[in-house]
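The file final_12.txt comes next; it holds compact mmCIF, C-alpha atoms and all ligand atoms.
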# COMPACT_ATOMS: atom_id res chain seq x y z
CA MET A 1 213.09 105.56 -60.90
CA SER A 2 211.18 107.67 -58.33
CA LYS A 3 212.46 111.16 -57.51
CA PRO A 4 215.92 110.81 -55.92
CA ILE A 5 216.29 111.64 -52.23
CA LEU A 6 218.96 114.23 -51.42
CA ILE A 7 220.76 113.78 -48.10
CA GLY A 8 223.03 116.62 -46.92
CA ILE A 9 225.87 115.76 -44.53
CA THR A 10 227.60 118.79 -43.06
CA GLY A 11 229.84 119.66 -40.09
CA GLY A 12 233.19 121.31 -39.48
CA THR A 13 236.40 120.40 -41.23
CA GLY A 14 237.70 117.03 -39.98
CA SER A 15 234.39 116.21 -38.28
CA GLY A 16 234.07 112.96 -40.24
CA LYS A 17 231.63 113.88 -43.05
CA SER A 18 233.44 111.87 -45.75
CA THR A 19 233.88 108.95 -43.36
CA VAL A 20 230.15 108.92 -42.52
CA SER A 21 229.29 109.10 -46.25
CA ARG A 22 231.63 106.17 -47.02
CA GLN A 23 230.18 104.13 -44.13
CA ILE A 24 226.64 104.68 -45.45
CA LEU A 25 227.77 103.71 -48.97
CA LYS A 26 229.33 100.48 -47.63
CA HIS A 27 225.97 99.25 -46.31
CA LEU A 28 223.92 99.91 -49.45
CA PRO A 29 223.85 98.69 -53.06
CA GLU A 30 226.44 100.81 -54.89
CA GLN A 31 224.13 101.46 -57.84
CA SER A 32 221.58 103.17 -55.57
CA ILE A 33 223.85 105.94 -54.26
CA ALA A 34 225.88 108.86 -55.64
CA ILE A 35 228.18 110.96 -53.42
CA ILE A 36 228.74 114.61 -54.28
CA PRO A 37 231.50 116.39 -52.29
CA GLN A 38 230.88 120.14 -51.98
CA ASP A 39 234.70 120.51 -52.24
CA ALA A 40 234.36 119.66 -55.95
CA TYR A 41 232.56 123.00 -56.35
CA TYR A 42 235.33 125.26 -55.03
CA LYS A 43 235.73 127.97 -57.68
CA ASN A 44 238.14 127.40 -60.53
CA GLN A 45 241.19 129.64 -59.96
CA ASP A 46 243.33 128.81 -62.98
CA HIS A 47 243.57 132.52 -63.82
CA LEU A 48 245.35 133.32 -60.49
CA PRO A 49 249.01 132.62 -59.66
CA LEU A 50 249.58 130.05 -56.88
CA GLU A 51 250.70 132.79 -54.41
CA GLU A 52 247.26 134.43 -54.80
CA ARG A 53 245.33 131.14 -54.55
CA ILE A 54 247.01 130.37 -51.22
CA LYS A 55 245.61 133.61 -49.73
CA VAL A 56 241.92 132.79 -50.46
CA ASN A 57 239.52 132.15 -47.56
CA TYR A 58 238.33 128.63 -48.41
CA ASP A 59 235.91 128.55 -45.49
CA HIS A 60 233.80 131.49 -46.66
CA PRO A 61 230.68 130.81 -48.77
CA PHE A 62 232.05 133.01 -51.60
CA SER A 63 234.81 130.48 -52.35
CA PHE A 64 232.27 127.97 -53.71
CA GLU A 65 230.44 128.03 -57.06
CA THR A 66 227.11 127.38 -55.37
CA ASP A 67 225.05 128.24 -58.50
CA LEU A 68 226.69 125.37 -60.39
CA LEU A 69 226.27 122.99 -57.44
CA THR A 70 222.56 123.90 -57.17
CA ARG A 71 222.04 123.38 -60.93
CA HIS A 72 223.79 120.00 -60.77
CA LEU A 73 221.74 118.84 -57.78
CA LYS A 74 218.50 119.82 -59.54
CA ALA A 75 219.63 117.90 -62.63
CA LEU A 76 220.36 114.78 -60.54
CA GLN A 77 216.96 115.15 -58.85
CA ASN A 78 215.41 115.21 -62.34
CA GLY A 79 217.14 111.94 -63.22
CA GLU A 80 219.81 113.56 -65.42
CA SER A 81 223.56 112.91 -65.23
CA ILE A 82 226.12 115.67 -64.57
CA GLU A 83 229.77 116.43 -65.33
CA MET A 84 231.07 117.01 -61.79
CA PRO A 85 234.23 119.12 -61.43
CA GLN A 86 237.19 117.62 -59.56
CA TYR A 87 239.36 119.59 -57.14
CA ASP A 88 243.11 119.67 -56.63
CA PHE A 89 243.91 120.70 -53.02
CA GLU A 90 247.64 120.98 -53.74
CA ARG A 91 247.15 123.46 -56.60
CA HIS A 92 244.09 125.17 -54.99
CA THR A 93 242.08 124.92 -58.19
CA ARG A 94 240.03 122.54 -60.32
CA LYS A 95 241.49 119.69 -62.29
CA LYS A 96 241.01 119.76 -66.06
CA GLU A 97 238.98 116.53 -66.03
CA THR A 98 235.36 116.21 -64.89
CA LEU A 99 233.64 113.08 -63.60
CA THR A 100 230.36 111.83 -65.05
CA ILE A 101 227.86 111.19 -62.26
CA GLU A 102 224.64 109.35 -63.10
CA SER A 103 221.53 110.12 -61.12
CA ARG A 104 220.79 107.54 -58.41
CA ASN A 105 217.92 106.93 -55.95
CA ILE A 106 219.95 108.41 -53.11
CA ILE A 107 222.22 111.43 -53.59
CA ILE A 108 224.55 112.23 -50.68
CA LEU A 109 225.94 115.78 -50.66
CA GLU A 110 228.74 116.29 -48.13
CA GLY A 111 230.63 119.47 -47.24
CA ILE A 112 231.34 122.18 -44.67
CA LEU A 113 228.86 124.82 -45.86
CA LEU A 114 225.64 123.08 -46.84
CA PHE A 115 223.17 124.77 -44.50
CA ASP A 116 224.17 128.41 -44.96
CA ASP A 117 222.51 128.92 -48.36
CA PRO A 118 218.66 128.82 -48.10
CA ASP A 119 218.21 127.63 -51.73
CA LEU A 120 220.66 124.76 -51.19
CA ARG A 121 219.04 123.88 -47.85
CA GLU A 122 215.64 123.80 -49.51
CA LEU A 123 216.76 121.06 -51.92
CA MET A 124 217.73 118.60 -49.15
CA ASP A 125 215.24 115.96 -47.98
CA ILE A 126 217.33 114.91 -44.96
CA LYS A 127 219.86 117.19 -43.24
CA ILE A 128 222.61 115.66 -41.08
CA PHE A 129 225.22 117.51 -38.95
CA VAL A 130 228.36 115.65 -37.87
CA ASP A 131 229.32 117.17 -34.52
CA THR A 132 232.91 116.65 -33.41
CA ASP A 133 234.88 118.73 -30.90
CA ALA A 134 237.23 121.34 -32.35
CA ASP A 135 240.35 119.84 -30.71
CA VAL A 136 239.71 116.47 -32.34
CA ARG A 137 238.95 118.10 -35.70
CA ILE A 138 242.15 120.16 -35.79
CA ILE A 139 244.28 117.13 -34.92
CA ARG A 140 242.62 115.10 -37.70
CA ARG A 141 243.06 117.99 -40.10
CA ILE A 142 246.75 118.46 -39.35
CA MET A 143 247.38 114.76 -40.00
CA ARG A 144 245.27 114.63 -43.16
CA ASP A 145 246.45 117.90 -44.74
CA ILE A 146 250.13 117.02 -44.28
CA LYS A 147 249.64 113.45 -45.57
CA GLU A 148 247.11 114.05 -48.35
CA ARG A 149 246.92 117.74 -49.26
CA GLY A 150 250.60 118.72 -49.51
CA ARG A 151 250.57 121.11 -46.51
CA SER A 152 253.08 121.92 -43.74
CA LEU A 153 252.25 122.00 -40.01
CA ASP A 154 252.79 125.79 -39.95
CA SER A 155 250.46 126.38 -42.90
CA VAL A 156 247.65 124.23 -41.42
CA ILE A 157 247.86 126.00 -38.04
CA ASN A 158 248.08 129.48 -39.60
CA GLN A 159 245.10 128.79 -41.91
CA TYR A 160 243.09 127.33 -39.02
CA MET A 161 243.58 130.40 -36.80
CA THR A 162 243.08 133.06 -39.51
CA THR A 163 240.20 131.69 -41.61
CA VAL A 164 239.01 128.15 -40.75
CA ARG A 165 238.08 128.77 -37.10
CA PRO A 166 236.42 132.21 -37.55
CA ALA A 167 234.39 130.97 -40.55
CA HIS A 168 233.39 127.81 -38.67
CA LEU A 169 232.00 129.95 -35.83
CA GLN A 170 230.21 132.26 -38.28
CA PHE A 171 228.87 129.90 -40.96
CA VAL A 172 228.96 126.28 -39.75
CA GLU A 173 228.16 126.08 -36.04
CA PRO A 174 225.11 128.46 -36.06
CA ASN A 175 223.51 126.43 -38.88
CA LYS A 176 223.48 123.23 -36.82
CA LYS A 177 219.93 124.24 -35.89
CA TYR A 178 218.74 123.25 -39.38
CA ALA A 179 219.81 119.60 -38.94
CA ASP A 180 217.24 116.79 -38.72
CA ILE A 181 219.89 114.51 -37.21
CA ILE A 182 223.09 115.35 -35.29
CA ILE A 183 225.79 112.66 -35.20
CA PRO A 184 228.34 113.04 -32.40
CA GLU A 185 231.92 112.06 -33.41
CA GLY A 186 231.12 110.93 -36.96
CA GLY A 187 232.27 107.80 -38.75
CA LYS A 188 232.73 105.50 -35.76
CA ASN A 189 229.24 106.21 -34.39
CA GLN A 190 227.85 102.85 -35.52
CA VAL A 191 224.43 103.36 -33.92
CA ALA A 192 223.86 106.58 -35.85
CA ILE A 193 225.10 105.01 -39.12
CA ASP A 194 222.77 102.00 -38.61
CA ILE A 195 219.76 104.27 -38.02
CA ILE A 196 220.49 106.31 -41.16
CA VAL A 197 221.08 103.17 -43.26
CA THR A 198 217.78 101.69 -42.00
CA LYS A 199 215.95 104.88 -42.97
CA ILE A 200 217.55 104.89 -46.44
CA LYS A 201 216.69 101.20 -46.99
CA ALA A 202 213.06 101.95 -46.06
CA ILE A 203 213.02 104.78 -48.63
CA LEU A 204 214.53 102.49 -51.30
CA GLU A 205 211.97 99.75 -50.63
CA ASP A 206 209.02 102.16 -50.69
N1 LIG A 301 235.90 108.44 -35.85
C1 LIG A 301 237.14 108.64 -36.30
N2 LIG A 301 238.21 108.20 -35.59
C2 LIG A 301 239.46 108.40 -36.02
N3 LIG A 301 239.77 109.06 -37.18
C3 LIG A 301 238.77 109.51 -37.92
C4 LIG A 301 237.40 109.32 -37.53
N4 LIG A 301 236.61 109.91 -38.48
C5 LIG A 301 237.45 110.41 -39.40
N5 LIG A 301 238.73 110.17 -39.08
C6 LIG A 301 239.93 110.62 -39.84
O1 LIG A 301 239.98 112.04 -39.76
C7 LIG A 301 240.29 112.62 -41.02
C8 LIG A 301 239.15 113.54 -41.44
O2 LIG A 301 237.99 112.74 -41.60
P1 LIG A 301 236.98 113.03 -42.81
O3 LIG A 301 235.91 112.02 -42.79
O4 LIG A 301 237.76 113.22 -44.09
O5 LIG A 301 236.41 114.44 -42.31
P2 LIG A 301 235.68 115.59 -43.11
O6 LIG A 301 235.16 114.99 -44.39
O7 LIG A 301 234.59 116.05 -42.19
O8 LIG A 301 236.73 116.65 -43.31
C9 LIG A 301 240.51 111.46 -41.98
O9 LIG A 301 241.90 111.23 -42.07
C10 LIG A 301 239.78 110.29 -41.33
O10 LIG A 301 240.38 109.05 -41.64
N1 LIG A 302 242.30 125.00 -51.75
C1 LIG A 302 241.71 124.64 -50.60
C2 LIG A 302 240.35 124.38 -50.52
C3 LIG A 302 239.81 124.02 -49.30
N2 LIG A 302 240.60 123.92 -48.20
C4 LIG A 302 240.04 123.53 -46.90
O1 LIG A 302 239.24 122.36 -47.02
C5 LIG A 302 238.31 122.34 -45.95
C6 LIG A 302 237.05 121.62 -46.38
O2 LIG A 302 237.33 120.26 -46.60
P1 LIG A 302 237.06 119.15 -45.46
O3 LIG A 302 237.29 117.86 -46.20
O4 LIG A 302 238.04 119.38 -44.37
O5 LIG A 302 235.65 119.33 -45.02
C7 LIG A 302 238.02 123.78 -45.58
O6 LIG A 302 238.03 123.95 -44.19
C8 LIG A 302 239.14 124.58 -46.28
O7 LIG A 302 239.89 125.32 -45.35
C9 LIG A 302 241.94 124.17 -48.30
O8 LIG A 302 242.69 124.09 -47.29
N3 LIG A 302 242.49 124.53 -49.50
Now, as a test, write the supplied structure out as structure tokens.
Amino acid sequence: MSKPILIGITGGTGSGKSTVSRQILKHLPEQSIAIIPQDAYYKNQDHLPLEERIKVNYDHPFSFETDLLTRHLKALQNGESIEMPQYDFERHTRKKETLTIESRNIIILEGILLFDDPDLRELMDIKIFVDTDADVRIIRRIMRDIKERGRSLDSVINQYMTTVRPAHLQFVEPNKKYADIIIPEGGKNQVAIDIIVTKIKAILED
């Protein structure tokens, strides 16, 4: 296997990063792609009571274990497998179990804060920013967090105003400038998905 290609897909919360990643995966042989969600690398907080975990700013770079993520990406790029952590959004900490991820030709890393850390940025061969308006993102997030992440409407709105929005303006939006490709609206932008899939297929056939 030639050196794996690392594709970073970033953008604000609810922009459609996971949807874009899944769409790309759908068009390619499954054994050629691994998806790594940055969310899996939120710090373990087992030592804190739930009331303390709820207060953490999950949109600030310090809430991620970026050293571990960087080590794991380098291992995958060297053809090695990793034990990826798994995250529990309801308990605000890691699950006990890890997931074995084998190295593949294409590694897709997706998450809100991929372009802020220069060392992480340096590892990526292709950098993609999913650009979706804030009003659409907050509506998607309210629906998803209530349905899938055990949250109430009040908690989603309060978190959005106190930490998500300010951190987005400080750490996500300004780093759009590092993107090679900007996808407006995300997962339903079929033209953008087709172009990216064509590029990946060309890399795989090389
Ligand atoms: N283009 C779209 N149209 C409608 N809903 C979408 C679209 N893209 C994503 N969603 C929905 O919005 C929510 C957030 O999308 P997701 O891809 O998980 O965003 P992110 O990974 O950026 O947080 C999900 O419930 C998803 O099904
Ligand atoms: N315990 C946690 C950890 C993270 N979040 C929020 O998740 C968002 C990132 O995930 P996306 O799928 O939306 O990109 C981020 O904005 C954090 O606020 C959380 O609510 N609780």
Open item on the list: For ligand LIG 301 (chain A), return the neighbouring residues as a PyMOL selection string (distance at most 9 Å; all atoms listed in the file).
Closed with: chain A and resi 10-22+37+110-112+130+132+136-137+139-145+147-148+185-189
With distances taken over only C-alpha atoms, the candidate from A:Gln190, A:Ala34, A:Asp119, A:Leu114 nearest A:Ser81 is A:Ala34
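Of the listed residues A:Leu48, A:Ile203, A:Ile193, A:Ala40, the one whose atoms come nearest to A:Arg94 is A:Ala40, with distances taken using only C-alpha atoms.
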Quick one: residues within 10 Å of stretch 69-73 of chain A, all atoms listed in the file, excluding same-chain residues fewer than 3 positions away - as a list in words?
Leu6, Ile36, Pro37, Gln38, Ala40, Tyr41, Tyr42, Phe64, Glu65, Thr66, Leu76, Gln77, Asn78, Gly79, Glu80, Ser81, Ile82, Glu83, Met84, Pro85, Ile101, Ser103, Ile107, Leu109, Asp119, Leu120, Arg121, Leu123 and Met124 of chain A
Counting all atoms listed in the file, the residue among A:Gln23, A:Asn105, A:Gln86, A:Gln45 that lies closest to A:Ile5 is A:Asn105
Axis-aligned box for ligand LIG 302 (chain A), 4 Å per side, centre and edges in Å as AutoDock Vina command-line options:
--center_x 239.2 --center_y 121.6 --center_z -48.0 --size_x 15.0 --size_y 15.5 --size_z 15.6
Hey, can you pull every residue with an atom no more than 12 Å from (224.1, 127.4, -39.4), using all atoms listed in the file, and send it as an MDAnalysis selection string? chainID A and resid 10:12 61 112:118 121 127:129 167:179
(request) May I have the residues within 12 Å of A:Lys199 as a PyMOL selection string, using all atoms listed in the file and disregarding those fewer than 4 positions away in the same chain? (result) chain A and resi 5+7+24+27-28+106+126+181+192-195+203-206
As a check of understanding: the span from atom CA of A:Arg104 to atom CA of A:Gln31 is 7.0 Å
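Shortest separation to ligand LIG 302 (chain A) among A:Glu90, A:Glu30, A:Glu122, A:Glu51 occurs at residue A:Glu90, atoms counted being only C-alpha atoms and all ligand atoms.
Taking atom CA of A:Leu50 and atom CA of A:Asn158 as endpoints, the distance between them is 17.4 Å.
Among the candidate residues A:Leu99, A:Pro4, A:Asp131, A:Pro166, the one lying nearest to A:Lys74 is A:Pro4, with distances computed using only C-alpha atoms.
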Expressed in Å, the length from atom CA of A:Tyr58 to atom CA of A:Arg91 is 13.1 Å
With distances taken over all atoms listed in the file, the candidate from A:Gly150, A:Gly8, A:Pro49, A:Pro184 nearest ligand LIG 302 (chain A) is A:Gly150
Could you please fill out stretch 123-154 of chain A with N, CA and C atoms and send it back as a PDB file, in the coordinates of the input?
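The resulting file, out15.pdb, is shown below:
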ATOM      1  N   LEU A 123     216.726 122.237 -51.036  1.00  0.00           N
ATOM      2  CA  LEU A 123     216.760 121.060 -51.920  1.00  0.00           C
ATOM      3  C   LEU A 123     216.898 119.745 -51.142  1.00  0.00           C
ATOM      4  N   MET A 124     217.387 119.837 -49.885  1.00  0.00           N
ATOM      5  CA  MET A 124     217.730 118.600 -49.150  1.00  0.00           C
ATOM      6  C   MET A 124     216.517 117.992 -48.455  1.00  0.00           C
ATOM      7  N   ASP A 125     216.365 116.666 -48.625  1.00  0.00           N
ATOM      8  CA  ASP A 125     215.240 115.960 -47.980  1.00  0.00           C
ATOM      9  C   ASP A 125     215.603 115.591 -46.541  1.00  0.00           C
ATOM     10  N   ILE A 126     216.879 115.260 -46.313  1.00  0.00           N
ATOM     11  CA  ILE A 126     217.330 114.910 -44.960  1.00  0.00           C
ATOM     12  C   ILE A 126     218.615 115.689 -44.692  1.00  0.00           C
ATOM     13  N   LYS A 127     218.675 116.369 -43.541  1.00  0.00           N
ATOM     14  CA  LYS A 127     219.860 117.190 -43.240  1.00  0.00           C
ATOM     15  C   LYS A 127     220.557 116.636 -41.985  1.00  0.00           C
ATOM     16  N   ILE A 128     221.839 116.293 -42.165  1.00  0.00           N
ATOM     17  CA  ILE A 128     222.610 115.660 -41.080  1.00  0.00           C
ATOM     18  C   ILE A 128     223.794 116.563 -40.726  1.00  0.00           C
ATOM     19  N   PHE A 129     224.051 116.731 -39.412  1.00  0.00           N
ATOM     20  CA  PHE A 129     225.220 117.510 -38.950  1.00  0.00           C
ATOM     21  C   PHE A 129     226.137 116.582 -38.167  1.00  0.00           C
ATOM     22  N   VAL A 130     227.387 116.471 -38.594  1.00  0.00           N
ATOM     23  CA  VAL A 130     228.360 115.650 -37.870  1.00  0.00           C
ATOM     24  C   VAL A 130     229.072 116.573 -36.869  1.00  0.00           C
ATOM     25  N   ASP A 131     228.910 116.259 -35.590  1.00  0.00           N
ATOM     26  CA  ASP A 131     229.320 117.170 -34.520  1.00  0.00           C
ATOM     27  C   ASP A 131     230.516 116.605 -33.767  1.00  0.00           C
ATOM     28  N   THR A 132     231.685 117.149 -34.037  1.00  0.00           N
ATOM     29  CA  THR A 132     232.910 116.650 -33.410  1.00  0.00           C
ATOM     30  C   THR A 132     233.660 117.832 -32.793  1.00  0.00           C
ATOM     31  N   ASP A 133     234.205 117.629 -31.596  1.00  0.00           N
ATOM     32  CA  ASP A 133     234.880 118.730 -30.900  1.00  0.00           C
ATOM     33  C   ASP A 133     236.024 119.309 -31.733  1.00  0.00           C
ATOM     34  N   ALA A 134     236.229 120.622 -31.540  1.00  0.00           N
ATOM     35  CA  ALA A 134     237.230 121.340 -32.350  1.00  0.00           C
ATOM     36  C   ALA A 134     238.644 120.791 -32.150  1.00  0.00           C
ATOM     37  N   ASP A 135     238.979 120.341 -30.917  1.00  0.00           N
ATOM     38  CA  ASP A 135     240.350 119.840 -30.710  1.00  0.00           C
ATOM     39  C   ASP A 135     240.595 118.561 -31.504  1.00  0.00           C
ATOM     40  N   VAL A 136     239.578 117.715 -31.565  1.00  0.00           N
ATOM     41  CA  VAL A 136     239.710 116.470 -32.340  1.00  0.00           C
ATOM     42  C   VAL A 136     239.797 116.801 -33.835  1.00  0.00           C
ATOM     43  N   ARG A 137     238.977 117.761 -34.271  1.00  0.00           N
ATOM     44  CA  ARG A 137     238.950 118.100 -35.700  1.00  0.00           C
ATOM     45  C   ARG A 137     240.287 118.682 -36.172  1.00  0.00           C
ATOM     46  N   ILE A 138     240.888 119.547 -35.343  1.00  0.00           N
ATOM     47  CA  ILE A 138     242.150 120.160 -35.790  1.00  0.00           C
ATOM     48  C   ILE A 138     243.271 119.118 -35.838  1.00  0.00           C
ATOM     49  N   ILE A 139     243.246 118.180 -34.882  1.00  0.00           N
ATOM     50  CA  ILE A 139     244.280 117.130 -34.920  1.00  0.00           C
ATOM     51  C   ILE A 139     244.113 116.270 -36.186  1.00  0.00           C
ATOM     52  N   ARG A 140     242.872 115.889 -36.483  1.00  0.00           N
ATOM     53  CA  ARG A 140     242.620 115.100 -37.700  1.00  0.00           C
ATOM     54  C   ARG A 140     243.057 115.873 -38.940  1.00  0.00           C
ATOM     55  N   ARG A 141     242.742 117.175 -38.919  1.00  0.00           N
ATOM     56  CA  ARG A 141     243.060 117.990 -40.100  1.00  0.00           C
ATOM     57  C   ARG A 141     244.566 118.130 -40.310  1.00  0.00           C
ATOM     58  N   ILE A 142     245.289 118.338 -39.218  1.00  0.00           N
ATOM     59  CA  ILE A 142     246.750 118.460 -39.350  1.00  0.00           C
ATOM     60  C   ILE A 142     247.297 117.187 -39.997  1.00  0.00           C
ATOM     61  N   MET A 143     246.858 116.036 -39.479  1.00  0.00           N
ATOM     62  CA  MET A 143     247.380 114.760 -40.000  1.00  0.00           C
ATOM     63  C   MET A 143     246.995 114.579 -41.471  1.00  0.00           C
ATOM     64  N   ARG A 144     245.735 114.832 -41.785  1.00  0.00           N
ATOM     65  CA  ARG A 144     245.270 114.630 -43.160  1.00  0.00           C
ATOM     66  C   ARG A 144     245.905 115.610 -44.140  1.00  0.00           C
ATOM     67  N   ASP A 145     245.957 116.896 -43.780  1.00  0.00           N
ATOM     68  CA  ASP A 145     246.450 117.900 -44.740  1.00  0.00           C
ATOM     69  C   ASP A 145     247.934 117.715 -45.031  1.00  0.00           C
ATOM     70  N   ILE A 146     248.701 117.263 -44.033  1.00  0.00           N
ATOM     71  CA  ILE A 146     250.130 117.020 -44.280  1.00  0.00           C
ATOM     72  C   ILE A 146     250.293 115.773 -45.152  1.00  0.00           C
ATOM     73  N   LYS A 147     249.499 114.722 -44.829  1.00  0.00           N
ATOM     74  CA  LYS A 147     249.640 113.450 -45.570  1.00  0.00           C
ATOM     75  C   LYS A 147     249.056 113.537 -46.983  1.00  0.00           C
ATOM     76  N   GLU A 148     247.862 114.173 -47.097  1.00  0.00           N
ATOM     77  CA  GLU A 148     247.110 114.050 -48.350  1.00  0.00           C
ATOM     78  C   GLU A 148     246.995 115.340 -49.166  1.00  0.00           C
ATOM     79  N   ARG A 149     247.199 116.504 -48.520  1.00  0.00           N
ATOM     80  CA  ARG A 149     246.920 117.740 -49.260  1.00  0.00           C
ATOM     81  C   ARG A 149     248.157 118.617 -49.448  1.00  0.00           C
ATOM     82  N   GLY A 150     249.346 118.016 -49.210  1.00  0.00           N
ATOM     83  CA  GLY A 150     250.600 118.720 -49.510  1.00  0.00           C
ATOM     84  C   GLY A 150     250.859 119.938 -48.633  1.00  0.00           C
ATOM     85  N   ARG A 151     250.422 119.922 -47.370  1.00  0.00           N
ATOM     86  CA  ARG A 151     250.570 121.110 -46.510  1.00  0.00           C
ATOM     87  C   ARG A 151     251.636 120.883 -45.441  1.00  0.00           C
ATOM     88  N   SER A 152     252.139 122.008 -44.872  1.00  0.00           N
ATOM     89  CA  SER A 152     253.080 121.920 -43.740  1.00  0.00           C
ATOM     90  C   SER A 152     252.306 122.162 -42.448  1.00  0.00           C
ATOM     91  N   LEU A 153     252.906 121.775 -41.312  1.00  0.00           N
ATOM     92  CA  LEU A 153     252.250 122.000 -40.010  1.00  0.00           C
ATOM     93  C   LEU A 153     251.966 123.485 -39.822  1.00  0.00           C
ATOM     94  N   ASP A 154     252.965 124.333 -40.120  1.00  0.00           N
ATOM     95  CA  ASP A 154     252.790 125.790 -39.950  1.00  0.00           C
ATOM     96  C   ASP A 154     251.618 126.307 -40.772  1.00  0.00           C
TER      97      ASP A 154
END
